[in-house]
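To be precise, the following lines are upload_34.txt, and they hold compact mmCIF, C-alpha atoms and all ligand atoms.
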```
# COMPACT_ATOMS: atom_id res chain seq x y z
CA MET A 1 -7.69 4.91 53.52
CA LYS A 2 -6.58 2.92 50.49
CA ASP A 3 -9.24 1.54 48.14
CA ARG A 4 -10.26 -2.02 48.91
CA ASP A 5 -12.48 -4.48 47.11
CA CYS A 6 -13.95 -7.90 47.72
CA LEU A 7 -17.06 -9.76 46.59
CA ALA A 8 -19.51 -7.92 48.88
CA LEU A 9 -17.64 -4.85 50.18
CA ARG A 10 -15.84 -1.90 48.62
CA VAL A 11 -13.94 1.07 49.93
CA ARG A 12 -13.43 3.61 47.18
CA SER A 13 -12.21 7.17 47.71
CA GLY A 14 -12.84 6.78 51.43
CA ARG A 15 -16.48 5.67 51.01
CA LEU A 16 -17.81 2.28 52.12
CA THR A 17 -20.35 0.43 49.96
CA LEU A 18 -21.81 -3.03 50.50
CA LEU A 19 -23.52 -5.54 48.23
CA ASP A 20 -27.11 -5.98 49.44
CA GLN A 21 -27.09 -9.72 50.21
CA SER A 22 -30.81 -9.72 51.00
CA ARG A 23 -31.50 -9.18 47.28
CA LEU A 24 -29.15 -11.81 45.89
CA PRO A 25 -29.01 -13.65 43.61
CA HIS A 26 -31.52 -11.93 41.35
CA VAL A 27 -30.56 -8.32 42.07
CA GLN A 28 -26.98 -7.17 42.55
CA ALA A 29 -27.37 -3.78 44.20
CA TRP A 30 -24.71 -1.88 46.15
CA PHE A 31 -25.61 0.61 48.88
CA ALA A 32 -23.52 3.29 50.54
CA VAL A 33 -22.83 3.09 54.26
CA ASP A 34 -21.94 6.51 55.62
CA ASP A 35 -23.22 6.25 59.19
CA VAL A 36 -23.75 3.85 62.07
CA ASP A 37 -27.57 3.77 61.78
CA THR A 38 -27.36 2.53 58.19
CA LEU A 39 -24.91 -0.25 59.08
CA VAL A 40 -26.78 -1.40 62.18
CA GLU A 41 -29.99 -1.65 60.13
CA ALA A 42 -28.13 -3.50 57.35
CA ILE A 43 -26.66 -5.99 59.83
CA HIS A 44 -30.10 -6.60 61.39
CA ALA A 45 -31.67 -7.12 57.96
CA LEU A 46 -28.76 -9.35 56.82
CA ARG A 47 -27.99 -7.03 53.92
CA THR A 48 -24.47 -7.70 55.09
CA ARG A 49 -23.84 -10.92 56.99
CA GLY A 50 -21.41 -13.69 57.92
CA ALA A 51 -19.26 -13.51 61.03
CA PRO A 52 -16.04 -12.12 59.48
CA MET A 53 -17.85 -9.78 57.08
CA ILE A 54 -19.92 -7.92 59.68
CA ALA A 55 -16.75 -7.37 61.74
CA ILE A 56 -14.85 -6.01 58.72
CA ALA A 57 -17.73 -3.79 57.56
CA ALA A 58 -18.13 -2.34 61.06
CA ALA A 59 -14.39 -1.68 61.41
CA LEU A 60 -14.14 0.00 58.02
CA LEU A 61 -17.15 2.20 58.77
CA VAL A 62 -15.45 3.32 61.98
CA ALA A 63 -12.35 4.16 59.91
CA VAL A 64 -14.52 6.11 57.45
CA ARG A 65 -16.02 8.11 60.36
CA VAL A 66 -12.54 8.81 61.76
CA GLU A 67 -11.39 10.11 58.38
CA ALA A 68 -14.57 12.20 58.15
CA GLY A 69 -13.38 14.00 61.29
CA ASP A 70 -15.61 12.55 64.04
CA ASP A 71 -14.20 13.29 67.48
CA ARG A 72 -12.90 10.62 69.87
CA GLU A 73 -16.06 10.46 71.93
CA THR A 74 -18.29 10.04 68.87
CA VAL A 75 -16.03 7.30 67.50
CA GLY A 76 -16.12 5.56 70.89
CA ARG A 77 -19.92 5.60 70.84
CA ALA A 78 -19.96 4.22 67.27
CA ILE A 79 -17.68 1.34 68.28
CA ALA A 80 -19.87 0.51 71.29
CA ARG A 81 -23.05 0.54 69.22
CA LEU A 82 -21.67 -1.55 66.39
CA ARG A 83 -20.33 -4.08 68.91
CA GLU A 84 -23.94 -4.81 69.93
CA ALA A 85 -25.37 -5.06 66.41
CA ARG A 86 -25.54 -8.89 66.47
CA PRO A 87 -25.01 -11.02 69.56
CA THR A 88 -23.68 -14.42 68.42
CA ALA A 89 -20.72 -13.85 66.06
CA VAL A 90 -17.73 -13.00 68.23
CA ASN A 91 -15.59 -11.63 65.38
CA LEU A 92 -17.58 -8.38 65.57
CA MET A 93 -16.84 -8.04 69.28
CA HIS A 94 -13.15 -8.87 68.85
CA ALA A 95 -12.84 -6.30 66.06
CA MET A 96 -14.62 -3.56 68.01
CA ASP A 97 -12.52 -4.31 71.11
CA ALA A 98 -9.35 -3.92 69.03
CA LEU A 99 -10.60 -0.57 67.72
CA ALA A 100 -11.49 0.55 71.24
CA ARG A 101 -7.90 -0.20 72.29
CA ALA A 102 -6.58 1.74 69.28
CA LEU A 103 -8.78 4.66 70.33
CA GLU A 104 -6.84 4.84 73.60
CA GLN A 105 -3.58 5.56 71.79
CA GLU A 106 -2.18 9.06 71.48
CA ASP A 107 -2.27 9.02 67.68
CA TRP A 108 -5.71 7.39 67.77
CA ARG A 109 -6.84 8.45 64.29
CA THR A 110 -3.95 6.66 62.59
CA ALA A 111 -4.19 3.68 64.96
CA VAL A 112 -7.93 3.13 64.36
CA VAL A 113 -7.67 3.43 60.56
CA HIS A 114 -4.64 1.09 60.40
CA ASN A 115 -6.39 -1.41 62.61
CA ALA A 116 -9.50 -1.47 60.43
CA GLU A 117 -7.47 -1.79 57.23
CA ALA A 118 -5.42 -4.64 58.73
CA LEU A 119 -8.61 -6.48 59.61
CA PHE A 120 -9.63 -6.52 55.95
CA ASP A 121 -6.15 -7.44 54.69
CA ASN A 122 -5.58 -10.15 57.31
CA ASP A 123 -8.93 -11.76 56.64
CA ARG A 124 -7.86 -12.63 53.12
CA ALA A 125 -4.73 -14.33 54.42
CA LEU A 126 -6.72 -16.18 57.10
CA CYS A 127 -9.08 -17.52 54.42
CA ASP A 128 -6.15 -18.76 52.33
CA ALA A 129 -4.56 -20.48 55.31
CA MET A 130 -7.85 -22.24 56.23
CA ALA A 131 -8.30 -23.27 52.60
CA GLU A 132 -4.82 -24.83 52.46
CA HIS A 133 -5.27 -26.77 55.72
CA GLY A 134 -8.78 -27.90 54.88
CA ALA A 135 -8.20 -28.87 51.24
CA ALA A 136 -5.45 -31.26 52.35
CA LEU A 137 -8.13 -33.36 54.11
CA ILE A 138 -10.35 -33.78 51.06
CA GLY A 139 -10.11 -36.89 48.92
CA ALA A 140 -10.70 -37.31 45.19
CA GLY A 141 -14.26 -36.82 44.04
CA GLU A 142 -15.69 -36.14 47.50
CA ARG A 143 -19.31 -35.05 47.79
CA ILE A 144 -19.32 -32.39 50.51
CA LEU A 145 -22.41 -31.10 52.27
CA THR A 146 -22.45 -27.51 53.51
CA HIS A 147 -24.92 -25.26 55.30
CA CYS A 148 -25.63 -21.52 55.16
CA ASN A 149 -23.11 -19.34 53.31
CA THR A 150 -19.44 -19.22 54.23
CA GLY A 151 -17.86 -17.96 51.02
CA GLY A 152 -16.64 -14.71 49.55
CA LEU A 153 -19.88 -13.01 50.56
CA ALA A 154 -19.22 -13.73 54.22
CA THR A 155 -15.53 -12.74 54.33
CA ALA A 156 -13.04 -10.42 52.65
CA GLY A 157 -11.36 -13.43 51.05
CA ILE A 158 -12.43 -16.76 49.55
CA GLY A 159 -14.39 -17.81 52.63
CA THR A 160 -14.14 -20.38 55.40
CA ALA A 161 -15.87 -23.72 54.67
CA LEU A 162 -16.62 -22.60 51.13
CA GLY A 163 -13.01 -21.42 50.77
CA VAL A 164 -11.84 -24.96 51.60
CA ILE A 165 -14.26 -26.34 49.01
CA ARG A 166 -13.03 -23.82 46.44
CA ARG A 167 -9.37 -24.70 47.03
CA ALA A 168 -10.17 -28.43 46.88
CA HIS A 169 -12.00 -27.87 43.59
CA GLU A 170 -8.98 -26.03 42.14
CA ARG A 171 -7.01 -29.23 42.76
CA ASP A 172 -9.68 -31.76 41.85
CA ASN A 173 -12.63 -30.59 39.80
CA SER A 174 -14.50 -33.85 40.36
CA ILE A 175 -15.55 -32.83 43.89
CA SER A 176 -19.18 -31.75 44.27
CA VAL A 177 -21.30 -30.00 46.87
CA TRP A 178 -24.65 -30.64 48.53
CA VAL A 179 -26.06 -27.22 49.40
CA ASP A 180 -28.61 -27.04 52.23
CA GLU A 181 -31.06 -24.27 51.42
CA THR A 182 -30.86 -23.10 55.05
CA ARG A 183 -34.28 -22.03 56.29
CA PRO A 184 -35.50 -19.56 57.32
CA LEU A 185 -33.43 -16.96 55.44
CA LEU A 186 -32.18 -19.26 52.67
CA GLN A 187 -28.50 -18.31 52.69
CA GLY A 188 -27.74 -21.69 51.06
CA GLY A 189 -30.35 -21.48 48.33
CA ARG A 190 -29.75 -17.82 47.54
CA LEU A 191 -26.08 -17.20 48.29
CA THR A 192 -24.06 -20.43 48.32
CA ALA A 193 -25.79 -21.74 45.20
CA TRP A 194 -25.01 -18.42 43.50
CA GLU A 195 -21.35 -18.40 44.57
CA LEU A 196 -20.78 -22.02 43.53
CA GLY A 197 -22.44 -21.39 40.17
CA GLU A 198 -20.20 -18.37 39.55
CA LEU A 199 -17.15 -20.48 40.46
CA GLY A 200 -18.19 -23.36 38.20
CA ILE A 201 -18.31 -25.85 41.08
CA ASP A 202 -20.77 -28.71 40.67
CA TYR A 203 -23.55 -28.54 43.29
CA ARG A 204 -27.01 -29.78 44.09
CA LEU A 205 -29.38 -27.67 46.15
CA ILE A 206 -31.52 -29.56 48.67
CA THR A 207 -33.97 -28.56 51.37
CA ASP A 208 -32.56 -28.93 54.88
CA SER A 209 -34.69 -31.96 55.64
CA MET A 210 -33.23 -33.96 52.73
CA ALA A 211 -29.71 -34.21 54.20
CA ALA A 212 -30.53 -37.31 56.29
CA SER A 213 -31.72 -39.43 53.43
CA PHE A 214 -28.75 -38.56 51.20
CA MET A 215 -26.42 -39.46 54.05
CA ALA A 216 -28.24 -42.76 54.58
CA ALA A 217 -27.92 -43.47 50.86
CA GLY A 218 -24.13 -43.06 51.11
CA GLU A 219 -24.12 -39.96 48.94
CA VAL A 220 -22.41 -37.56 51.38
CA ASP A 221 -18.66 -38.01 52.08
CA ARG A 222 -18.05 -35.04 54.38
CA VAL A 223 -19.79 -32.12 56.08
CA LEU A 224 -18.02 -28.75 56.23
CA VAL A 225 -19.58 -25.70 57.91
CA GLY A 226 -18.50 -22.32 59.26
CA ALA A 227 -18.82 -20.92 62.77
CA ASP A 228 -19.94 -17.73 64.48
CA ARG A 229 -18.24 -18.52 67.75
CA ILE A 230 -16.10 -21.42 69.02
CA ALA A 231 -15.98 -21.97 72.79
CA ALA A 232 -12.78 -22.94 74.65
CA ASN A 233 -13.93 -26.58 74.82
CA GLY A 234 -14.53 -26.75 71.03
CA ASP A 235 -18.34 -26.44 71.05
CA PHE A 236 -19.40 -23.93 68.41
CA ALA A 237 -22.38 -21.84 67.35
CA ASN A 238 -23.36 -21.68 63.70
CA LYS A 239 -26.48 -21.19 61.60
CA ILE A 240 -29.54 -23.00 62.93
CA GLY A 241 -29.58 -26.53 61.55
CA THR A 242 -25.85 -27.14 61.93
CA TYR A 243 -26.30 -29.18 65.12
CA GLY A 244 -28.78 -31.48 63.39
CA LEU A 245 -26.28 -32.07 60.58
CA ALA A 246 -23.59 -32.97 63.12
CA VAL A 247 -25.87 -35.53 64.79
CA LEU A 248 -26.71 -37.01 61.39
CA ALA A 249 -23.07 -37.11 60.29
CA HIS A 250 -22.08 -38.82 63.55
CA HIS A 251 -24.82 -41.43 63.11
CA HIS A 252 -23.70 -42.18 59.56
CA GLY A 253 -19.95 -42.12 60.29
CA ILE A 254 -19.38 -39.11 58.02
CA PRO A 255 -16.50 -36.75 58.96
CA PHE A 256 -17.78 -33.40 60.23
CA GLY A 257 -15.52 -30.35 60.10
CA VAL A 258 -15.92 -26.75 61.24
CA VAL A 259 -13.86 -24.11 59.43
CA ALA A 260 -13.16 -20.71 61.03
CA PRO A 261 -10.38 -18.19 61.60
CA HIS A 262 -8.81 -18.15 65.08
CA THR A 263 -10.63 -14.82 65.62
CA THR A 264 -13.86 -16.86 65.89
CA VAL A 265 -12.56 -18.61 69.01
CA ASP A 266 -13.87 -17.06 72.22
CA ALA A 267 -11.66 -18.31 75.01
CA GLY A 268 -13.96 -16.39 77.38
CA CYS A 269 -16.78 -18.89 76.71
CA ALA A 270 -15.90 -22.09 78.53
CA THR A 271 -18.54 -24.11 76.67
CA GLY A 272 -21.18 -23.58 74.02
CA ALA A 273 -23.78 -23.01 76.72
CA ALA A 274 -22.26 -19.56 77.32
CA ILE A 275 -22.72 -18.43 73.70
CA PRO A 276 -25.63 -15.97 73.32
CA ILE A 277 -28.06 -17.02 70.60
CA GLU A 278 -29.77 -14.37 68.49
CA GLN A 279 -33.57 -14.66 68.39
CA ARG A 280 -35.18 -13.30 65.25
CA LEU A 281 -38.59 -12.18 64.01
CA ALA A 282 -41.61 -14.49 63.82
CA ALA A 283 -42.38 -13.36 60.26
CA GLU A 284 -39.24 -15.16 59.01
CA VAL A 285 -40.76 -18.50 60.06
CA ARG A 286 -44.42 -17.75 59.30
CA GLY A 287 -43.37 -17.46 55.67
CA VAL A 288 -40.50 -15.93 53.74
CA THR A 289 -39.32 -12.37 54.17
CA GLY A 290 -36.87 -10.35 52.17
CA ALA A 291 -36.24 -7.42 49.90
CA ALA A 292 -38.64 -8.85 47.32
CA GLY A 293 -41.50 -8.65 49.82
CA GLU A 294 -43.10 -11.11 52.22
CA LEU A 295 -45.06 -14.27 51.59
CA SER A 296 -46.76 -15.68 54.63
CA TRP A 297 -48.45 -19.10 54.84
CA ALA A 298 -48.83 -19.67 58.58
CA PRO A 299 -51.73 -18.13 60.51
CA ALA A 300 -50.91 -14.46 61.02
CA ASN A 301 -50.92 -14.98 64.79
CA ALA A 302 -48.97 -18.31 64.81
CA THR A 303 -46.66 -18.51 67.80
CA VAL A 304 -43.10 -18.94 66.54
CA ALA A 305 -39.60 -19.77 67.80
CA ASN A 306 -36.79 -18.44 65.63
CA PRO A 307 -33.27 -18.89 67.01
CA ALA A 308 -30.79 -17.84 64.31
CA PHE A 309 -28.03 -20.18 65.51
CA ASP A 310 -27.55 -23.47 67.35
CA VAL A 311 -24.66 -24.98 69.27
CA THR A 312 -22.87 -28.14 68.14
CA PRO A 313 -21.09 -29.97 70.96
CA ALA A 314 -17.40 -30.81 70.55
CA GLU A 315 -18.07 -34.54 70.86
CA LEU A 316 -19.73 -34.51 67.42
CA ILE A 317 -16.88 -32.72 65.62
CA ASP A 318 -14.01 -34.50 63.88
CA HIS A 319 -11.96 -31.54 62.60
CA TRP A 320 -11.59 -27.92 63.67
CA ILE A 321 -9.99 -26.32 60.61
CA LEU A 322 -8.45 -22.98 61.57
CA ASP A 323 -5.91 -20.74 59.87
CA THR A 324 -3.47 -22.00 62.52
CA GLY A 325 -3.92 -25.66 61.59
CA VAL A 326 -6.30 -28.62 61.76
CA PHE A 327 -7.12 -29.81 65.26
CA ASP A 328 -8.71 -33.09 66.30
CA ARG A 329 -10.83 -33.84 69.35
CA MET A 330 -7.87 -34.96 71.46
CA GLU A 331 -6.07 -31.66 70.90
CA VAL A 332 -9.22 -29.68 71.63
CA GLU A 333 -9.87 -31.69 74.83
CA ALA A 334 -6.24 -31.00 75.80
CA GLY A 335 -7.05 -27.26 75.73
CA VAL A 336 -5.85 -26.01 72.35
CA PHE A 337 -8.55 -23.29 72.26
CA GLN A 338 -8.15 -22.06 75.81
CA PHE A 339 -6.04 -19.16 74.62
CA GLY A 340 -7.96 -18.26 71.49
CA GLY A 341 -6.85 -21.03 69.15
CA ALA A 342 -3.75 -19.24 67.96
CA ALA A 343 -1.12 -21.06 69.97
CA VAL A 344 -0.67 -24.22 67.96
CA GLY A 345 0.66 -24.56 64.41
O1 LIG A 401 -27.04 -15.21 59.81
P1 LIG A 401 -25.81 -15.29 58.93
O2 LIG A 401 -26.13 -15.44 57.50
O3 LIG A 401 -24.85 -14.17 59.22
O4 LIG A 401 -25.11 -16.64 59.41
C1 LIG A 401 -23.85 -16.95 58.88
C2 LIG A 401 -23.31 -18.24 59.36
O5 LIG A 401 -23.90 -18.92 60.16
C3 LIG A 401 -21.95 -18.62 58.86
O6 LIG A 401 -21.81 -20.01 58.81
C4 LIG A 401 -20.87 -18.03 59.79
O7 LIG A 401 -21.10 -16.67 60.03
C5 LIG A 401 -19.52 -18.21 59.23
S1 LIG A 401 -19.29 -17.21 57.77
C6 LIG A 401 -17.73 -17.41 57.21
```
Using structure tokens, write down the structure that the file contains.
Ligand code: MRU
Amino acid sequence: MKDRDCLALRVRSGRLTLLDQSRLPHVQAWFAVDDVDTLVEAIHALRTRGAPMIAIAAALLVAVRVEAGDDRETVGRAIARLREARPTAVNLMHAMDALARALEQEDWRTAVVHNAEALFDNDRALCDAMAEHGAALIGAGERILTHCNTGGLATAGIGTALGVIRRAHERDNSISVWVDETRPLLQGGRLTAWELGELGIDYRLITDSMAASFMAAGEVDRVLVGADRIAANGDFANKIGTYGLAVLAHHHGIPFGVVAPHTTVDAGCATGAAIPIEQRLAAEVRGVTGAAGELSWAPANATVANPAFDVTPAELIDHWILDTGVFDRMEVEAGVFQFGGAAVG
């Protein structure tokens, strides 16, 4: 395998290493991923995260194992296990399904490695295409609100929603960003704020519950978010809190856009109701958890609900910004996503 490098993933001399996102922004530590157990644990702990990134990391680990000489059966088991590592983001499933098909070929070693490498390389191009389509929508000086982290940390390229923001900023440096901190795991406060700071893009960090009042005050011009899975009818799952933002944006007449590669479309899910939602640990809501230790403020036995994602219905969405183009509600209602979102330019 050729060496590859992006913000949160490296392949060097056939070895995969990942940036530990659970320790950002204060500690930038890389860890080696040589086996499936390590990657499954890292995905569960969100050391590596974001729908495209977990798919790419899993595929490259499979390629590493193939090059290390694992036999076909062992590689098949690795693919099956990684496919189940997180339930909501469909990119992981699509990637593992593609590798499983490559495994069926006669020259399966070459096919699997090529497939995994292509996933990384294509993701960069997908990010650029989304950025071009999305940036064309953004007007001078817009103040854009975003949620969770959808940038270079979550992809092999410049990101999805954050990639659009980055491209828009390259063209007009007067745009600015409202960053939702994104409870419970604070991807906005820890990761998006860090990325925007590194890029020199003007931002203000807010707690999730502040979005409504800034919208009411006329201080938000657009909402852009990523997606973990888009159903055939245009409903989509994304980080918990996204649905609330869509309701708020609708109420205030603020354009709401979802940005994702066509590989995030799951034509097998007719509506958002069919998307499985990951349920996470109570400790994440009872306080804060992370590599730096835990701080708990709720009663130790507090009963908790902790869905990691919610579903935003298509009726609240103005723009679906894919690598294949920008789609509006009429196009989505007409069935643009029924075949995976790739059919229309
Ligand atoms: O739990 P996370 O941090 O993996 O959640 C990530 C998101 O919800 C992102 O918005 C989504 O994966 C798109 S990333 C380009």
List as a PyMOL selection string the protein and nucleic acid residues near Asp20 (chain A), meaning an atom at most 9 Å away when only C-alpha atoms are counted, but skip any in the same chain fewer than 3 places from it. chain A and resi 8+23-24+27-31+42+46-48
The selected residues should be written to file as a short mmCIF file (atom, residue, chain, number, x, y, z; two decimals), in the frame of the given file (atoms: C-alpha atoms).
```
data_model
loop_
_atom_site.label_atom_id
_atom_site.label_comp_id
_atom_site.auth_asym_id
_atom_site.auth_seq_id
_atom_site.Cartn_x
_atom_site.Cartn_y
_atom_site.Cartn_z
CA ALA A 8 -19.51 -7.92 48.88
CA ARG A 23 -31.50 -9.18 47.28
CA LEU A 24 -29.15 -11.81 45.89
CA VAL A 27 -30.56 -8.32 42.07
CA GLN A 28 -26.98 -7.17 42.55
CA ALA A 29 -27.37 -3.78 44.20
CA TRP A 30 -24.71 -1.88 46.15
CA PHE A 31 -25.61 0.61 48.88
CA ALA A 42 -28.13 -3.50 57.35
CA LEU A 46 -28.76 -9.35 56.82
CA ARG A 47 -27.99 -7.03 53.92
CA THR A 48 -24.47 -7.70 55.09
#
```
Neighbours of ligand LIG 401 (chain A) at 7 Å or closer, counting all atoms listed in the file: which residues, as an MDAnalysis selection string? chainID A and resid 46 49:52 89 148:151 154:155 159:160 187 225:228 238:239 260 308:309
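Among A:Ala314, A:Cys127, A:Leu185, A:Cys6, the residue with the shortest atom-to-atom distance to Arg286 (chain A), counting all atoms listed in the file, is A:Leu185.
Nearest-residue note for Phe120 (chain A): choosing from A:Met53, A:Ile79, A:Ile277, A:His251, the minimum distance belongs to A:Met53, counting all atoms listed in the file.
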How close does each residue of region 57-163 of chain A get to region 279-283 of chain A, giving the shortest atom pair and distance in Å to one decimal for every residue with an atom at most 12 Å away, counting all atoms listed in the file, sorted by chain and residue number, as a Markdown table?
```
| residue | atom | partner | partner_atom | distance |
| --- | --- | --- | --- | --- |
| A:Arg86 | CA | A:Gln279 | CA | 10.1 |
| A:Pro87 | CA | A:Gln279 | CA | 9.4 |
| A:Thr88 | CA | A:Gln279 | CA | 9.9 |
```
